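Note: the block below is final_34.cif and it holds mmCIF, C-alpha atoms and all ligand atoms.
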data_start
loop_
_atom_site.label_atom_id
_atom_site.label_comp_id
_atom_site.auth_asym_id
_atom_site.auth_seq_id
_atom_site.Cartn_x
_atom_site.Cartn_y
_atom_site.Cartn_z
CA MET K 13 121.22 120.76 116.98
CA ASN K 14 123.47 123.65 118.04
CA ASP K 15 121.43 126.80 117.43
CA ALA K 16 124.22 129.31 118.00
CA ASP K 17 123.94 130.48 114.41
CA LEU K 18 120.09 130.37 114.26
CA LEU K 19 119.11 132.55 117.24
CA PRO K 20 118.87 135.45 117.69
CA LEU K 21 117.14 136.08 114.40
CA HIS K 22 116.58 139.67 113.27
CA THR K 23 113.71 141.07 111.22
CA PRO K 24 113.21 144.77 110.36
CA ARG K 25 111.57 145.67 113.72
CA LEU K 26 112.01 142.54 115.85
CA VAL K 27 114.46 140.14 117.35
CA LEU K 28 113.53 136.48 117.84
CA ARG K 29 115.68 135.32 120.72
CA ARG K 30 115.91 133.01 123.71
CA PHE K 31 113.81 134.04 126.71
CA ASP K 32 115.59 135.76 129.58
CA GLU K 33 114.66 136.35 133.24
CA ALA K 34 113.35 139.87 132.53
CA ASP K 35 110.62 138.31 130.35
CA VAL K 36 108.77 136.62 133.25
CA GLN K 37 106.49 139.57 134.10
CA PRO K 38 105.43 140.54 130.53
CA PHE K 39 105.04 136.81 129.69
CA LEU K 40 102.73 136.36 132.70
CA ALA K 41 100.72 139.44 131.75
CA TYR K 42 99.80 138.19 128.26
CA ARG K 43 99.42 134.52 129.26
CA ASN K 44 96.85 135.58 131.86
CA ASP K 45 94.95 137.92 129.53
CA PRO K 46 91.64 136.12 128.80
CA VAL K 47 91.47 137.65 125.29
CA VAL K 48 94.92 136.26 124.40
CA ALA K 49 94.25 132.87 126.05
CA ARG K 50 90.81 132.39 124.51
CA TYR K 51 91.91 129.96 121.78
CA GLN K 52 95.00 128.62 123.56
CA SER K 53 95.26 125.51 125.71
CA TRP K 54 96.59 127.23 128.83
CA GLU K 55 94.80 129.10 131.63
CA ASN K 56 95.91 130.77 134.90
CA CYS K 57 99.70 130.73 134.63
CA SER K 58 101.44 131.37 137.99
CA ALA K 59 104.77 133.20 138.39
CA ALA K 60 106.44 129.89 139.32
CA GLU K 61 105.05 128.18 136.19
CA ALA K 62 106.17 131.10 134.00
CA THR K 63 109.68 130.97 135.48
CA GLU K 64 109.88 127.22 134.95
CA PHE K 65 108.52 127.50 131.38
CA ILE K 66 111.11 130.16 130.50
CA ARG K 67 113.92 128.14 132.08
CA HIS K 68 112.86 125.04 130.14
CA HIS K 69 112.85 126.89 126.81
CA GLN K 70 116.19 128.61 127.53
CA LEU K 71 117.74 125.13 127.65
CA GLN K 72 115.66 123.39 124.97
CA GLN K 73 117.73 122.63 121.87
CA THR K 74 116.53 123.71 118.43
CA GLY K 75 114.72 121.25 116.20
CA VAL K 76 114.60 118.20 118.50
CA PRO K 77 111.84 115.99 117.03
CA GLY K 78 108.75 115.88 119.25
CA HIS K 79 109.79 118.87 121.41
CA TRP K 80 108.35 122.38 121.17
CA LEU K 81 110.82 125.27 121.17
CA GLN K 82 109.23 128.51 122.36
CA ILE K 83 111.08 131.61 121.09
CA ALA K 84 110.72 135.11 122.55
CA ILE K 85 109.60 137.91 120.20
CA ALA K 86 111.07 141.26 121.31
CA LEU K 87 111.22 144.77 119.91
CA LYS K 88 114.62 145.35 118.36
CA ASP K 89 114.94 148.87 119.77
CA THR K 90 114.15 148.09 123.43
CA ASN K 91 114.51 144.28 123.70
CA SER K 92 111.08 144.28 125.45
CA LEU K 93 108.96 141.15 125.06
CA LEU K 94 105.92 141.38 122.74
CA GLY K 95 105.01 137.69 122.64
CA ASP K 96 106.40 134.37 121.52
CA CYS K 97 106.37 131.97 118.62
CA ALA K 98 107.08 128.27 118.62
CA PHE K 99 107.72 125.25 116.48
CA GLN K 100 107.80 121.50 116.97
CA VAL K 101 109.53 119.19 114.51
CA GLN K 102 107.34 116.10 114.14
CA ALA K 103 108.46 113.18 116.29
CA ASP K 104 107.93 110.70 113.44
CA ASP K 105 109.22 112.87 110.57
CA PRO K 106 112.05 115.40 111.03
CA HIS K 107 111.22 117.08 107.71
CA GLN K 108 107.93 118.50 108.98
CA ALA K 109 107.01 120.90 111.79
CA MET K 110 104.06 122.65 113.43
CA ILE K 111 104.15 126.36 114.33
CA GLY K 112 102.25 128.72 116.63
CA VAL K 113 102.37 132.36 117.79
CA THR K 114 101.06 134.60 120.56
CA LEU K 115 101.30 138.37 120.98
CA ALA K 116 100.31 140.54 123.94
CA ARG K 117 97.02 142.29 123.14
CA GLU K 118 98.54 145.78 122.92
CA HIS K 119 100.80 144.59 120.07
CA HIS K 120 98.05 143.19 117.85
CA GLY K 121 97.19 144.86 114.55
CA GLN K 122 100.68 146.16 113.70
CA GLY K 123 102.05 143.32 111.60
CA PHE K 124 104.38 142.02 114.32
CA ALA K 125 103.07 138.43 114.13
CA THR K 126 103.44 138.44 110.34
CA GLU K 127 107.00 139.73 110.67
CA ALA K 128 107.94 137.25 113.42
CA LEU K 129 106.51 134.21 111.63
CA SER K 130 108.19 135.25 108.37
CA GLY K 131 111.46 135.09 110.28
CA LEU K 132 110.55 131.73 111.79
CA LEU K 133 109.56 130.30 108.38
CA GLU K 134 112.87 131.52 106.95
CA MET K 135 114.68 129.65 109.71
CA LEU K 136 112.64 126.48 109.19
CA PHE K 137 112.83 126.36 105.40
CA ASP K 138 116.14 128.06 104.57
CA HIS K 139 118.27 126.90 107.51
CA LEU K 140 116.67 123.72 108.88
CA LYS K 141 115.67 122.71 105.31
CA LEU K 142 112.21 121.49 106.28
CA HIS K 143 109.85 120.17 103.63
CA ARG K 144 106.47 121.12 105.15
CA VAL K 145 105.21 123.39 107.94
CA ILE K 146 101.68 123.16 109.33
CA ALA K 147 99.48 125.16 111.70
CA ASN K 148 96.03 124.57 113.15
CA ALA K 149 93.59 127.41 113.77
CA ASP K 150 90.27 127.36 115.58
CA VAL K 151 87.73 128.35 112.92
CA GLU K 152 86.49 131.10 115.27
CA ASN K 153 90.03 132.51 115.69
CA VAL K 154 89.82 134.69 112.60
CA ALA K 155 92.97 136.74 113.38
CA SER K 156 94.93 133.49 113.55
CA TRP K 157 93.90 132.03 110.18
CA LYS K 158 94.05 135.43 108.46
CA LEU K 159 97.65 135.64 109.67
CA LEU K 160 98.45 132.19 108.23
CA GLU K 161 96.92 133.17 104.87
CA ARG K 162 98.87 136.46 104.86
CA LEU K 163 102.04 134.41 105.28
CA GLY K 164 101.13 132.23 102.30
CA LEU K 165 100.07 129.03 104.08
CA LYS K 166 97.27 127.19 102.30
CA ARG K 167 94.10 125.91 103.93
CA GLU K 168 94.08 122.15 103.37
CA ALA K 169 91.26 120.97 105.60
CA HIS K 170 88.32 121.94 107.73
CA LEU K 171 88.29 119.49 110.63
CA ARG K 172 84.76 119.31 112.05
CA LEU K 173 84.41 119.36 115.86
CA SER K 174 87.89 117.88 116.04
CA LEU K 175 89.08 119.41 119.31
CA TRP K 176 87.54 119.33 122.80
CA PHE K 177 88.52 122.74 123.99
CA LYS K 178 87.57 124.80 127.06
CA GLY K 179 84.19 123.11 127.42
CA ARG K 180 83.17 122.81 123.76
CA TRP K 181 83.97 120.92 120.58
CA ALA K 182 85.80 123.24 118.19
CA ASP K 183 86.14 123.12 114.41
CA GLU K 184 89.71 123.66 113.20
CA TYR K 185 91.32 124.65 109.94
CA LEU K 186 94.54 122.91 108.96
CA TYR K 187 97.01 125.14 107.11
CA ALA K 188 100.28 124.10 105.48
CA MET K 189 103.20 125.50 103.53
CA LEU K 190 105.62 123.43 101.45
CA SER K 191 109.23 124.46 100.89
CA GLU K 192 108.34 125.18 97.23
CA ASP K 193 105.48 127.48 98.38
CA TRP K 194 107.97 129.28 100.65
CA ILE K 195 110.39 129.85 97.76
CA ARG K 196 107.57 131.27 95.61
CA HIS K 197 106.21 133.42 98.46
CA SER K 198 109.51 134.77 99.77
CA ARG K 199 111.41 135.40 96.53
CA PRO K 200 109.89 137.89 94.12
CA ALA K 201 109.68 136.59 90.56
CA THR K 202 112.72 137.52 88.46
CA PRO K 203 111.71 140.34 86.12
CA SER K 204 111.86 139.30 82.49
CA VAL K 205 114.81 140.82 80.67
CA ALA K 206 113.68 143.45 78.18
CA ARG K 207 114.80 142.60 74.64
CA PRO K 208 116.58 145.33 72.74
CA GLY K 209 114.20 146.82 70.20
C1 LIG K 301 97.11 135.34 116.24
C2 LIG K 301 97.67 136.74 116.51
C3 LIG K 301 99.17 136.66 116.80
C4 LIG K 301 97.45 137.58 115.25
O1 LIG K 301 97.83 138.93 115.54
P1 LIG K 301 97.57 140.11 114.48
O2 LIG K 301 97.81 141.37 115.18
O3 LIG K 301 96.23 139.91 113.83
O4 LIG K 301 98.67 139.82 113.37
P2 LIG K 301 99.84 140.79 112.90
O5 LIG K 301 100.67 141.18 114.09
O6 LIG K 301 100.54 140.17 111.78
O7 LIG K 301 99.06 142.08 112.42
C5 LIG K 301 98.24 142.00 111.28
C6 LIG K 301 97.22 143.11 111.32
O8 LIG K 301 97.91 144.34 111.45
C7 LIG K 301 97.72 145.11 110.26
N1 LIG K 301 99.05 145.67 109.95
C8 LIG K 301 99.48 146.90 110.33
N2 LIG K 301 100.73 147.07 109.95
C9 LIG K 301 101.14 145.95 109.31
C10 LIG K 301 102.35 145.53 108.71
N3 LIG K 301 103.43 146.33 108.68
N4 LIG K 301 102.41 144.28 108.17
C11 LIG K 301 101.35 143.44 108.20
N5 LIG K 301 100.17 143.79 108.78
C12 LIG K 301 100.07 145.03 109.32
C13 LIG K 301 97.15 144.16 109.21
O9 LIG K 301 96.33 144.84 108.29
C14 LIG K 301 96.38 143.21 110.08
O10 LIG K 301 95.15 143.78 110.47
P3 LIG K 301 93.77 143.15 109.94
O11 LIG K 301 93.73 141.70 110.38
O12 LIG K 301 92.75 144.00 110.61
O13 LIG K 301 93.83 143.27 108.47
C15 LIG K 301 96.95 137.42 117.71
O14 LIG K 301 95.58 137.51 117.42
C16 LIG K 301 97.15 136.66 119.02
O15 LIG K 301 98.19 136.74 119.66
N6 LIG K 301 96.11 135.91 119.45
C17 LIG K 301 96.18 135.17 120.69
C18 LIG K 301 97.02 133.90 120.55
C19 LIG K 301 96.45 132.97 119.50
O16 LIG K 301 95.24 132.71 119.46
N7 LIG K 301 97.33 132.47 118.63
C20 LIG K 301 96.94 131.62 117.53
C21 LIG K 301 97.03 130.19 117.86
S1 LIG K 301 98.68 129.56 117.71
#
How does this structure look as structure tokens?
Amino acid sequence: MNDADLLPLHTPRLVLRRFDEADVQPFLAYRNDPVVARYQSWENCSAAEATEFIRHHQLQQTGVPGHWLQIAIALKDTNSLLGDCAFQVQADDPHQAMIGVTLAREHHGQGFATEALSGLLEMLFDHLKLHRVIANADVENVASWKLLERLGLKREAHLRLSLWFKGRWADEYLYAMLSEDWIRHSRPATPSVARPG
């Protein structure tokens, strides 16, 4: 799909955009922060790997089934990188996708992830017309599943010891949002019209 009209995507404080070369250093800094990487699959990202990753996602088309698209999250005022979010349309069903998000530690606790994923969900439901979006969260990654609940995703399952992860079996929660949930969550209910007395 041509994403010229999808990215960049603006929210009140942020811009979701393609990565650029200036992002390599801040990207490396948060990827190699053990607190940020604790519940993520990666470890020890080199400068060459970061450059290659960014190049790959600069060229990756939007919404190709089976392929992750990693999107840079930057501050609108400065264009500086805060983190990234990502989605992958399912290889076997183009109406469903999985999402994820990462922020540098110094940008936690300010609502940036909520704001960025609200923008991403708007793109997935309103523009790509998806039916269902899912996310997995390690049960111990409380910030992650609290974020998903804040966004209105619903916990559908507790998967017991479902993931071999950094030397241990981890329990995961499965969260999901349907397009109808998104409509309810993102559009305030129409106020009832007061009848003349
Ligand atoms: C998952 C992750 C992005 C969540 O970050 P976060 O800072 O908790 O989420 P937000 O940016 O939405 O901020 C929400 C927090 O800021 C507070 N906040 C401040 N201003 C806010 C605002 N304007 N809007 C919403 N929340 C706001 C909220 O109260 C909340 O704090 P609380 O959890 O103590 O109640 C972050 O922990 C992270 O990057 N972890 C490492 C990567 C990872 O594990 N990702 C998940 C797997 S994909």
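Between Arg117 of chain K and the candidates K:Ser191, K:Asn44, K:Ser198, K:Ser92, the tightest atom-to-atom separation, counting only C-alpha atoms, involves K:Asn44.
Among K:Ala84, K:Leu132, K:Ala149, K:Ala59, the residue with the shortest atom-to-atom distance to ligand LIG 301 (chain K), counting all atoms listed in the file, is K:Ala149.
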Q) Please, what distance in Å, to one decimal, runs between atom CA of Ala49 of chain K and atom C18 of ligand LIG 301 (chain K)? A)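 Distance reported for this atom pair: 6.2 Å.
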Write out as a Markdown table a residue-level contact list of chain K versus ligand LIG 301 (chain K) with cut-off 8 Å: for each qualifying residue the closest pair of atoms and the distance in Å to one decimal, counting all atoms listed in the file, rows sorted by chain and residue number upward.
| residue | atom | partner | partner_atom | distance |
| --- | --- | --- | --- | --- |
| K:Val47 | CA | K:LIG301 | C17 | 7.0 |
| K:Val48 | CA | K:LIG301 | C17 | 4.1 |
| K:Ala49 | CA | K:LIG301 | C17 | 6.1 |
| K:Arg50 | CA | K:LIG301 | O16 | 6.7 |
| K:Tyr51 | CA | K:LIG301 | O16 | 4.9 |
| K:Gln52 | CA | K:LIG301 | O16 | 5.8 |
| K:Gly95 | CA | K:LIG301 | O15 | 7.5 |
| K:Ile111 | CA | K:LIG301 | S1 | 7.2 |
| K:Gly112 | CA | K:LIG301 | S1 | 3.8 |
| K:Val113 | CA | K:LIG301 | S1 | 4.6 |
| K:Thr114 | CA | K:LIG301 | O15 | 3.7 |
| K:Leu115 | CA | K:LIG301 | O15 | 3.8 |
| K:Ala116 | CA | K:LIG301 | O15 | 6.1 |
| K:Arg117 | CA | K:LIG301 | O15 | 6.7 |
| K:His119 | CA | K:LIG301 | O2 | 6.6 |
| K:His120 | CA | K:LIG301 | O2 | 3.2 |
| K:Gly121 | CA | K:LIG301 | O8 | 3.2 |
| K:Gln122 | CA | K:LIG301 | C8 | 3.7 |
| K:Gly123 | CA | K:LIG301 | O7 | 3.3 |
| K:Phe124 | CA | K:LIG301 | O5 | 3.8 |
| K:Ala125 | CA | K:LIG301 | O5 | 3.7 |
| K:Thr126 | CA | K:LIG301 | O6 | 3.7 |
| K:Glu127 | CA | K:LIG301 | O6 | 6.6 |
| K:Ala147 | CA | K:LIG301 | S1 | 7.5 |
| K:Asn148 | CA | K:LIG301 | S1 | 7.3 |
| K:Ala149 | CA | K:LIG301 | C21 | 6.0 |
| K:Asp150 | CA | K:LIG301 | C21 | 7.7 |
| K:Asn153 | CA | K:LIG301 | O16 | 6.4 |
| K:Ala155 | CA | K:LIG301 | O3 | 4.6 |
| K:Ser156 | CA | K:LIG301 | C1 | 3.9 |
| K:Trp157 | CA | K:LIG301 | C1 | 7.6 |
| K:Lys158 | CA | K:LIG301 | O11 | 6.6 |
| K:Leu159 | CA | K:LIG301 | O4 | 5.7 |
Q) From the list K:Glu152, K:Leu26, K:His197, K:Glu161, which residue is nearest Glu184 of chain K when using all atoms listed in the file? A) K:Glu152
Q: Just the residues within 10 Å of Ser58 of chain K, please, counting only C-alpha atoms, with nothing from its chain fewer than 4 positions along; format it as a list in words.
A: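 The residues satisfying every condition are Leu40, Arg43, Asn44, Ala62, Thr63 and Glu64 of chain K.
Remark: for Pro77 of chain K, the closest of the candidate residues K:Arg30, K:His107, K:Arg162, K:Arg172 is K:His107 (distances computed over all atoms listed in the file).
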Q | Shell of 12 Å around Pro24 of chain K, only C-alpha atoms, local chain residues under 3 positions omitted, as a PyMOL selection string | A | chain K and resi 21+27-28+86-89+123-124+126-128+130-131
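In terms of minimum interatomic distance to Gln70 of chain K, K:Leu19 ranks closest within K:Leu173, K:Ala188, K:Leu19, K:Ala103, counting only C-alpha atoms.
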Long-range neighbours of Leu186 of chain K as a tab-separated table (two decimals) with C-alpha atoms, keeping the file's coordinate frame, 6 Å cut-off, all atoms listed in the file, 2 positions minimum in chain:
chain	number	residue	atom	x	y	z
K	148	ASN	CA	96.03	124.57	113.15
K	167	ARG	CA	94.10	125.91	103.93
K	168	GLU	CA	94.08	122.15	103.37
K	169	ALA	CA	91.26	120.97	105.60
Q: Could you please determine the separation between atom CA of Asp105 of chain K and atom CA of Val154 of chain K in Å, to one decimal place?
A: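 Pair atom CA of Asp105 of chain K / atom CA of Val154 of chain K returns 29.3 Å.
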Box for segment 16-23 of chain K: with edges along x, y and z, all listed atoms inside and 5 Å added on each side, what are the centre and edge lengths in Å to one decimal, as JSON?
{"center_x": 119.0, "center_y": 135.2, "center_z": 114.6, "size_x": 20.5, "size_y": 21.8, "size_z": 16.8}
Q: Check the smallest atom-to-atom distance from each of K:Glu55, K:Asp45, K:Asp32, K:Asp104 to Leu71 of chain K using all atoms listed in the file, then report the winner.
A: K:Asp32
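The space separating atom CA of Thr74 of chain K from atom CA of Leu18 of chain K comes to 8.6 Å.
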N, CA and C atoms are needed for segment 99-125 of chain K; please write them out as an mmCIF file, in the frame of the given file.
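Saved to result-v9.cif:
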data_model
loop_
_atom_site.group_PDB
_atom_site.id
_atom_site.type_symbol
_atom_site.label_atom_id
_atom_site.label_comp_id
_atom_site.auth_asym_id
_atom_site.auth_seq_id
_atom_site.Cartn_x
_atom_site.Cartn_y
_atom_site.Cartn_z
ATOM 1 N N PHE K 99 107.846 126.309 117.468
ATOM 2 C CA PHE K 99 107.720 125.250 116.480
ATOM 3 C C PHE K 99 108.087 123.908 117.105
ATOM 4 N N GLN K 100 107.500 122.869 116.528
ATOM 5 C CA GLN K 100 107.800 121.500 116.970
ATOM 6 C C GLN K 100 108.030 120.647 115.732
ATOM 7 N N VAL K 101 109.242 120.150 115.578
ATOM 8 C CA VAL K 101 109.530 119.190 114.510
ATOM 9 C C VAL K 101 108.801 117.895 114.874
ATOM 10 N N GLN K 102 108.134 117.298 113.865
ATOM 11 C CA GLN K 102 107.340 116.100 114.140
ATOM 12 C C GLN K 102 108.211 114.967 114.677
ATOM 13 N N ALA K 103 107.696 114.276 115.685
ATOM 14 C CA ALA K 103 108.460 113.180 116.290
ATOM 15 C C ALA K 103 108.733 112.065 115.283
ATOM 16 N N ASP K 104 107.796 111.824 114.366
ATOM 17 C CA ASP K 104 107.930 110.700 113.440
ATOM 18 C C ASP K 104 108.434 111.109 112.062
ATOM 19 N N ASP K 105 108.706 112.423 111.862
ATOM 20 C CA ASP K 105 109.220 112.870 110.570
ATOM 21 C C ASP K 105 109.951 114.195 110.746
ATOM 22 N N PRO K 106 111.283 114.170 110.774
ATOM 23 C CA PRO K 106 112.050 115.400 111.030
ATOM 24 C C PRO K 106 112.023 116.414 109.899
ATOM 25 N N HIS K 107 111.299 116.118 108.810
ATOM 26 C CA HIS K 107 111.220 117.080 107.710
ATOM 27 C C HIS K 107 109.980 117.968 107.801
ATOM 28 N N GLN K 108 109.174 117.748 108.858
ATOM 29 C CA GLN K 108 107.930 118.500 108.980
ATOM 30 C C GLN K 108 107.825 119.083 110.391
ATOM 31 N N ALA K 109 107.155 120.264 110.476
ATOM 32 C CA ALA K 109 107.010 120.900 111.790
ATOM 33 C C ALA K 109 105.672 121.620 111.886
ATOM 34 N N MET K 110 105.256 121.849 113.144
ATOM 35 C CA MET K 110 104.060 122.650 113.430
ATOM 36 C C MET K 110 104.516 123.959 114.053
ATOM 37 N N ILE K 111 103.789 125.054 113.753
ATOM 38 C CA ILE K 111 104.150 126.360 114.330
ATOM 39 C C ILE K 111 102.974 126.971 115.088
ATOM 40 N N GLY K 112 103.280 127.961 115.945
ATOM 41 C CA GLY K 112 102.250 128.720 116.630
ATOM 42 C C GLY K 112 102.816 130.079 117.038
ATOM 43 N N VAL K 113 101.921 131.014 117.400
ATOM 44 C CA VAL K 113 102.370 132.360 117.790
ATOM 45 C C VAL K 113 101.369 132.997 118.737
ATOM 46 N N THR K 114 101.884 133.826 119.634
ATOM 47 C CA THR K 114 101.060 134.600 120.560
ATOM 48 C C THR K 114 101.680 135.980 120.739
ATOM 49 N N LEU K 115 100.834 137.011 120.686
ATOM 50 C CA LEU K 115 101.300 138.370 120.980
ATOM 51 C C LEU K 115 100.458 138.953 122.104
ATOM 52 N N ALA K 116 101.074 139.776 122.949
ATOM 53 C CA ALA K 116 100.310 140.540 123.940
ATOM 54 C C ALA K 116 99.304 141.421 123.190
ATOM 55 N N ARG K 117 98.121 141.604 123.813
ATOM 56 C CA ARG K 117 97.020 142.290 123.140
ATOM 57 C C ARG K 117 97.405 143.672 122.590
ATOM 58 N N GLU K 118 98.215 144.406 123.348
ATOM 59 C CA GLU K 118 98.540 145.780 122.920
ATOM 60 C C GLU K 118 99.437 145.802 121.678
ATOM 61 N N HIS K 119 99.937 144.637 121.262
ATOM 62 C CA HIS K 119 100.800 144.590 120.070
ATOM 63 C C HIS K 119 100.098 143.962 118.868
ATOM 64 N N HIS K 120 98.790 143.707 119.005
ATOM 65 C CA HIS K 120 98.050 143.190 117.850
ATOM 66 C C HIS K 120 97.846 144.305 116.818
ATOM 67 N N GLY K 121 97.603 143.896 115.582
ATOM 68 C CA GLY K 121 97.190 144.860 114.550
ATOM 69 C C GLY K 121 98.311 145.731 113.995
ATOM 70 N N GLN K 122 99.558 145.335 114.203
ATOM 71 C CA GLN K 122 100.680 146.160 113.700
ATOM 72 C C GLN K 122 101.624 145.361 112.810
ATOM 73 N N GLY K 123 101.224 144.144 112.483
ATOM 74 C CA GLY K 123 102.050 143.320 111.600
ATOM 75 C C GLY K 123 103.207 142.623 112.296
ATOM 76 N N PHE K 124 103.251 142.649 113.622
ATOM 77 C CA PHE K 124 104.380 142.020 114.320
ATOM 78 C C PHE K 124 104.349 140.482 114.185
ATOM 79 N N ALA K 125 103.146 139.897 114.242
ATOM 80 C CA ALA K 125 103.070 138.430 114.130
ATOM 81 C C ALA K 125 103.487 137.994 112.727
#
